[in-house]
>>> print(open('my_file.cif').read())   # mmCIF, C-alpha atoms
data_coords
loop_
_atom_site.label_atom_id
_atom_site.label_comp_id
_atom_site.auth_asym_id
_atom_site.auth_seq_id
_atom_site.Cartn_x
_atom_site.Cartn_y
_atom_site.Cartn_z
CA MET A 30 -0.24 -22.13 -15.20
CA ALA A 31 -0.72 -22.92 -11.52
CA SER A 32 -3.16 -20.76 -9.59
CA GLU A 33 -1.78 -18.41 -6.95
CA ARG A 34 -2.59 -19.22 -3.35
CA ARG A 35 -2.78 -16.33 -0.94
CA LYS A 36 -3.08 -16.39 2.81
CA TYR A 37 -5.35 -13.31 2.73
CA PRO A 38 -7.65 -12.01 -0.03
CA ARG A 39 -6.60 -8.89 -1.97
CA SER A 40 -8.57 -5.75 -2.65
CA GLU A 41 -7.77 -4.26 -6.05
CA LEU A 42 -7.14 -0.51 -6.00
CA ALA A 43 -5.66 2.17 -8.23
CA VAL A 44 -4.85 5.07 -5.92
CA GLU A 45 -1.93 7.45 -5.56
CA ILE A 46 0.13 7.10 -2.40
CA ASP A 47 3.33 8.61 -0.98
CA CYS A 48 6.12 6.11 -0.42
CA ARG A 49 9.29 6.93 1.51
CA LEU A 50 12.38 5.01 0.37
CA ARG A 51 15.84 5.67 1.78
CA GLY A 52 14.73 9.02 3.20
CA VAL A 53 13.20 10.29 -0.07
CA THR A 54 9.45 10.56 -0.67
CA HIS A 55 8.16 9.28 -4.02
CA ARG A 56 4.65 9.32 -5.44
CA GLY A 57 3.46 5.83 -6.33
CA LYS A 58 0.31 3.91 -7.20
CA LEU A 59 -1.15 1.35 -4.83
CA THR A 60 -2.58 -1.44 -7.01
CA ASN A 61 -3.79 -3.94 -4.41
CA VAL A 62 -3.79 -4.52 -0.68
CA SER A 63 -4.32 -7.48 1.63
CA GLN A 64 -4.11 -7.88 5.38
CA GLU A 65 -0.40 -8.65 5.29
CA GLY A 66 0.89 -6.64 2.33
CA CYS A 67 0.34 -4.68 -0.85
CA CYS A 68 1.65 -4.02 -4.33
CA ILE A 69 2.73 -0.55 -5.40
CA GLU A 70 4.26 0.93 -8.52
CA VAL A 71 7.03 3.52 -8.04
CA LYS A 72 9.04 4.80 -11.01
CA GLY A 73 12.66 5.86 -10.82
CA GLU A 74 13.76 4.10 -7.64
CA ALA A 75 15.66 0.83 -7.58
CA VAL A 76 14.76 -1.21 -4.52
CA LEU A 77 15.81 -4.61 -3.25
CA PRO A 78 13.99 -7.23 -1.20
CA GLY A 79 14.56 -6.39 2.45
CA ASP A 80 14.55 -2.61 1.93
CA ARG A 81 12.36 -0.74 4.39
CA VAL A 82 9.56 1.48 3.10
CA VAL A 83 7.08 3.82 4.77
CA LEU A 84 3.72 4.34 3.07
CA ALA A 85 1.85 7.57 3.78
CA PRO A 86 -1.72 7.51 2.47
CA SER A 87 -2.41 10.72 4.41
CA LYS A 88 -0.50 13.23 6.51
CA LEU A 89 -1.75 11.51 9.67
CA LEU A 90 -1.27 7.87 8.68
CA VAL A 91 2.17 6.32 8.11
CA LEU A 92 2.61 2.59 7.62
CA PRO A 93 5.95 0.73 7.81
CA ALA A 94 6.62 -2.14 5.42
CA THR A 95 9.46 -4.23 3.97
CA VAL A 96 10.04 -4.96 0.28
CA ALA A 97 9.31 -8.66 -0.36
CA TRP A 98 9.86 -8.69 -4.15
CA THR A 99 10.41 -6.35 -7.09
CA ASP A 100 9.56 -6.56 -10.78
CA GLY A 101 10.45 -3.44 -12.76
CA VAL A 102 8.48 -0.55 -11.30
CA LYS A 103 6.29 -2.86 -9.18
CA MET A 104 7.14 -3.98 -5.67
CA GLY A 105 5.42 -6.26 -3.21
CA LEU A 106 5.48 -5.05 0.38
CA THR A 107 4.98 -6.94 3.62
CA PHE A 108 3.52 -4.86 6.43
CA ALA A 109 5.20 -4.70 9.83
CA SER A 110 1.87 -5.78 11.35
CA PRO A 111 -1.10 -7.58 9.71
CA MET A 112 -3.38 -4.90 11.12
CA ILE A 113 -1.80 -2.38 8.72
CA GLY A 114 -3.34 -3.99 5.65
CA THR A 115 -6.78 -3.91 7.22
CA MET A 116 -6.35 -0.23 8.15
CA LEU A 117 -5.14 0.66 4.65
CA ASP A 118 -7.98 -1.20 2.93
CA GLN A 119 -10.57 0.50 5.16
CA PHE A 120 -8.90 3.90 4.68
CA PHE A 121 -9.09 3.70 0.89
CA THR A 122 -12.52 2.09 0.83
CA HIS A 123 -13.81 5.05 2.85
CA GLN A 124 -11.91 7.58 0.69
CA LEU A 125 -13.23 6.12 -2.57
CA HIS A 126 -16.77 5.32 -1.36
CA PRO A 127 -17.72 7.58 1.58
CA GLU A 128 -20.91 6.74 3.43
CA PRO A 129 -23.84 9.00 2.51
CA GLY A 130 -24.29 11.82 5.00
CA LEU A 131 -20.68 11.61 6.28
CA THR A 132 -19.08 14.56 4.54
CA GLY A 133 -17.09 15.92 7.44
CA PRO A 134 -17.60 18.74 9.95
CA VAL A 135 -20.38 21.23 9.31
#
>>> encode(input="my_file.cif", output="structure tokens")
Amino acid sequence: MASERRKYPRSELAVEIDCRLRGVTHRGKLTNVSQEGCCIEVKGEAVLPGDRVVLAPSKLLVLPATVAWTDGVKMGLTFASPMIGTMLDQFFTHQLHPEPGLTGPV
């Protein structure tokens, strides 16, 4: 089996995320993210390469993407801008591993 070559490294995750497809919001699981894209699992929605998707990891952060490939409930997304992957990775890294002493407003 040939090894996969990626332009950007992936960060493995397992976090819930809202995903808007064709005007309907679905709950999915983000399984990995790189600078230029991610992989999510969304049950019950048939998608095709080229479909547009909006990810919403929070109420204040929405990230446009395009479906690159599908495989059952999994889909690979390409972000509209490479900066999106970096933002998403940092967002979840901070959510899952907050810095000590940074717990929010007092």
>>> resolve_selection(input="my_file.cif", expression="the PyMOL selection byres ((chain A and resi 113-121) around 12)", output="PDB file with C-alpha atoms, keeping the file's coordinate frame")
ATOM      1  CA  TYR A  37      -5.350 -13.310   2.730  1.00  0.00           C
ATOM      2  CA  PRO A  38      -7.650 -12.010  -0.030  1.00  0.00           C
ATOM      3  CA  ARG A  39      -6.600  -8.890  -1.970  1.00  0.00           C
ATOM      4  CA  SER A  40      -8.570  -5.750  -2.650  1.00  0.00           C
ATOM      5  CA  GLU A  41      -7.770  -4.260  -6.050  1.00  0.00           C
ATOM      6  CA  LEU A  42      -7.140  -0.510  -6.000  1.00  0.00           C
ATOM      7  CA  ALA A  43      -5.660   2.170  -8.230  1.00  0.00           C
ATOM      8  CA  VAL A  44      -4.850   5.070  -5.920  1.00  0.00           C
ATOM      9  CA  GLU A  45      -1.930   7.450  -5.560  1.00  0.00           C
ATOM     10  CA  ILE A  46       0.130   7.100  -2.400  1.00  0.00           C
ATOM     11  CA  LEU A  59      -1.150   1.350  -4.830  1.00  0.00           C
ATOM     12  CA  THR A  60      -2.580  -1.440  -7.010  1.00  0.00           C
ATOM     13  CA  ASN A  61      -3.790  -3.940  -4.410  1.00  0.00           C
ATOM     14  CA  VAL A  62      -3.790  -4.520  -0.680  1.00  0.00           C
ATOM     15  CA  SER A  63      -4.320  -7.480   1.630  1.00  0.00           C
ATOM     16  CA  GLN A  64      -4.110  -7.880   5.380  1.00  0.00           C
ATOM     17  CA  GLU A  65      -0.400  -8.650   5.290  1.00  0.00           C
ATOM     18  CA  GLY A  66       0.890  -6.640   2.330  1.00  0.00           C
ATOM     19  CA  CYS A  67       0.340  -4.680  -0.850  1.00  0.00           C
ATOM     20  CA  CYS A  68       1.650  -4.020  -4.330  1.00  0.00           C
ATOM     21  CA  VAL A  83       7.080   3.820   4.770  1.00  0.00           C
ATOM     22  CA  LEU A  84       3.720   4.340   3.070  1.00  0.00           C
ATOM     23  CA  ALA A  85       1.850   7.570   3.780  1.00  0.00           C
ATOM     24  CA  PRO A  86      -1.720   7.510   2.470  1.00  0.00           C
ATOM     25  CA  SER A  87      -2.410  10.720   4.410  1.00  0.00           C
ATOM     26  CA  LEU A  89      -1.750  11.510   9.670  1.00  0.00           C
ATOM     27  CA  LEU A  90      -1.270   7.870   8.680  1.00  0.00           C
ATOM     28  CA  VAL A  91       2.170   6.320   8.110  1.00  0.00           C
ATOM     29  CA  LEU A  92       2.610   2.590   7.620  1.00  0.00           C
ATOM     30  CA  PRO A  93       5.950   0.730   7.810  1.00  0.00           C
ATOM     31  CA  ALA A  94       6.620  -2.140   5.420  1.00  0.00           C
ATOM     32  CA  LEU A 106       5.480  -5.050   0.380  1.00  0.00           C
ATOM     33  CA  THR A 107       4.980  -6.940   3.620  1.00  0.00           C
ATOM     34  CA  PHE A 108       3.520  -4.860   6.430  1.00  0.00           C
ATOM     35  CA  ALA A 109       5.200  -4.700   9.830  1.00  0.00           C
ATOM     36  CA  SER A 110       1.870  -5.780  11.350  1.00  0.00           C
ATOM     37  CA  PRO A 111      -1.100  -7.580   9.710  1.00  0.00           C
ATOM     38  CA  MET A 112      -3.380  -4.900  11.120  1.00  0.00           C
ATOM     39  CA  THR A 122     -12.520   2.090   0.830  1.00  0.00           C
ATOM     40  CA  HIS A 123     -13.810   5.050   2.850  1.00  0.00           C
ATOM     41  CA  GLN A 124     -11.910   7.580   0.690  1.00  0.00           C
ATOM     42  CA  LEU A 125     -13.230   6.120  -2.570  1.00  0.00           C
ATOM     43  CA  HIS A 126     -16.770   5.320  -1.360  1.00  0.00           C
ATOM     44  CA  PRO A 127     -17.720   7.580   1.580  1.00  0.00           C
TER      45      PRO A 127
END
>>> closest_residue(input="my_file.cif", among="A:Lys88, A:Gly101, A:Thr95, A:Arg51", to="Val71 (chain A)", atoms="only C-alpha atoms")
A:Gly101
>>> closest_residue(input="my_file.cif", among="A:Gly57, A:Asp47, A:Val82, A:Trp98", to="Ile69 (chain A)", atoms="only C-alpha atoms")
A:Gly57
>>> atom_distance(input="my_file.cif", atom1="CA of Cys48 (chain A)", atom2="CA of Val96 (chain A)")
11.8 Å
>>> residues_near_point(input="my_file.cif", point="(14.1, -10.7, -1.8)", cutoff="7 Å", atoms="only C-alpha atoms", output="VMD selection string")
chain A and resid 77 to 79 97 to 98
>>> atom_distance(input="my_file.cif", atom1="CA of Val102 (chain A)", atom2="CA of Gly73 (chain A)")
7.7 Å
>>> atom_distance(input="my_file.cif", atom1="CA of Lys36 (chain A)", atom2="CA of Val76 (chain A)")
24.5 Å
>>> decode(input="my_file.cif", residues="region 89-117 of chain A", atoms="N, CA and C atoms", output="mmCIF file, in the first residue's frame")
data_model
loop_
_atom_site.group_PDB
_atom_site.id
_atom_site.type_symbol
_atom_site.label_atom_id
_atom_site.label_comp_id
_atom_site.auth_asym_id
_atom_site.auth_seq_id
_atom_site.Cartn_x
_atom_site.Cartn_y
_atom_site.Cartn_z
ATOM 1 N N LEU A 89 -20.115 31.972 17.167
ATOM 2 C CA LEU A 89 -19.438 33.148 16.623
ATOM 3 C C LEU A 89 -18.474 32.829 15.480
ATOM 4 N N LEU A 90 -18.261 31.558 15.198
ATOM 5 C CA LEU A 90 -17.281 31.169 14.191
ATOM 6 C C LEU A 90 -17.935 30.272 13.152
ATOM 7 N N VAL A 91 -18.030 30.761 11.907
ATOM 8 C CA VAL A 91 -18.566 29.958 10.803
ATOM 9 C C VAL A 91 -17.508 29.892 9.707
ATOM 10 N N LEU A 92 -17.334 28.690 9.146
ATOM 11 C CA LEU A 92 -16.235 28.439 8.227
ATOM 12 C C LEU A 92 -16.736 27.773 6.950
ATOM 13 N N PRO A 93 -16.654 28.467 5.800
ATOM 14 C CA PRO A 93 -17.113 27.878 4.543
ATOM 15 C C PRO A 93 -16.120 26.848 3.994
ATOM 16 N N ALA A 94 -16.687 25.800 3.383
ATOM 17 C CA ALA A 94 -15.860 24.751 2.789
ATOM 18 C C ALA A 94 -16.620 24.118 1.618
ATOM 19 N N THR A 95 -15.900 23.312 0.842
ATOM 20 C CA THR A 95 -16.479 22.590 -0.283
ATOM 21 C C THR A 95 -16.162 21.110 -0.116
ATOM 22 N N VAL A 96 -17.131 20.245 -0.400
ATOM 23 C CA VAL A 96 -16.923 18.804 -0.307
ATOM 24 C C VAL A 96 -15.953 18.378 -1.409
ATOM 25 N N ALA A 97 -14.850 17.729 -1.014
ATOM 26 C CA ALA A 97 -13.855 17.234 -1.970
ATOM 27 C C ALA A 97 -14.104 15.771 -2.311
ATOM 28 N N TRP A 98 -14.530 14.980 -1.305
ATOM 29 C CA TRP A 98 -14.802 13.558 -1.504
ATOM 30 C C TRP A 98 -15.774 13.076 -0.439
ATOM 31 N N THR A 99 -16.425 11.952 -0.715
ATOM 32 C CA THR A 99 -17.313 11.328 0.268
ATOM 33 C C THR A 99 -17.059 9.831 0.292
ATOM 34 N N ASP A 100 -17.316 9.233 1.450
ATOM 35 C CA ASP A 100 -17.169 7.792 1.624
ATOM 36 C C ASP A 100 -18.117 7.379 2.747
ATOM 37 N N GLY A 101 -19.341 7.015 2.394
ATOM 38 C CA GLY A 101 -20.335 6.686 3.410
ATOM 39 C C GLY A 101 -20.710 7.921 4.200
ATOM 40 N N VAL A 102 -20.532 7.867 5.520
ATOM 41 C CA VAL A 102 -20.868 9.014 6.361
ATOM 42 C C VAL A 102 -19.721 10.016 6.472
ATOM 43 N N LYS A 103 -18.554 9.673 5.947
ATOM 44 C CA LYS A 103 -17.398 10.573 6.007
ATOM 45 C C LYS A 103 -17.341 11.455 4.776
ATOM 46 N N MET A 104 -16.849 12.679 4.980
ATOM 47 C CA MET A 104 -16.607 13.568 3.846
ATOM 48 C C MET A 104 -15.347 14.377 4.101
ATOM 49 N N GLY A 105 -14.590 14.574 3.036
ATOM 50 C CA GLY A 105 -13.418 15.430 3.088
ATOM 51 C C GLY A 105 -13.812 16.804 2.584
ATOM 52 N N LEU A 106 -13.440 17.825 3.326
ATOM 53 C CA LEU A 106 -13.779 19.198 2.970
ATOM 54 C C LEU A 106 -12.527 19.990 2.669
ATOM 55 N N THR A 107 -12.622 20.883 1.689
ATOM 56 C CA THR A 107 -11.559 21.831 1.377
ATOM 57 C C THR A 107 -12.048 23.204 1.811
ATOM 58 N N PHE A 108 -11.261 23.879 2.632
ATOM 59 C CA PHE A 108 -11.653 25.196 3.116
ATOM 60 C C PHE A 108 -11.541 26.249 2.024
ATOM 61 N N ALA A 109 -12.378 27.282 2.137
ATOM 62 C CA ALA A 109 -12.363 28.385 1.183
ATOM 63 C C ALA A 109 -11.038 29.139 1.243
ATOM 64 N N SER A 110 -10.394 29.131 2.404
ATOM 65 C CA SER A 110 -9.104 29.787 2.594
ATOM 66 C C SER A 110 -8.229 28.893 3.466
ATOM 67 N N PRO A 111 -6.927 28.752 3.170
ATOM 68 C CA PRO A 111 -6.062 27.930 4.020
ATOM 69 C C PRO A 111 -6.009 28.398 5.467
ATOM 70 N N MET A 112 -6.272 29.646 5.713
ATOM 71 C CA MET A 112 -6.247 30.170 7.074
ATOM 72 C C MET A 112 -7.322 29.509 7.937
ATOM 73 N N ILE A 113 -8.405 29.045 7.322
ATOM 74 C CA ILE A 113 -9.510 28.446 8.069
ATOM 75 C C ILE A 113 -9.046 27.217 8.839
ATOM 76 N N GLY A 114 -8.268 26.359 8.217
ATOM 77 C CA GLY A 114 -7.781 25.167 8.901
ATOM 78 C C GLY A 114 -6.946 25.502 10.111
ATOM 79 N N THR A 115 -6.100 26.502 9.996
ATOM 80 C CA THR A 115 -5.281 26.938 11.121
ATOM 81 C C THR A 115 -6.162 27.466 12.246
ATOM 82 N N MET A 116 -7.161 28.271 11.907
ATOM 83 C CA MET A 116 -8.084 28.804 12.918
ATOM 84 C C MET A 116 -8.835 27.677 13.621
ATOM 85 N N LEU A 117 -9.327 26.703 12.849
ATOM 86 C CA LEU A 117 -10.093 25.609 13.405
ATOM 87 C C LEU A 117 -9.232 24.746 14.323
#
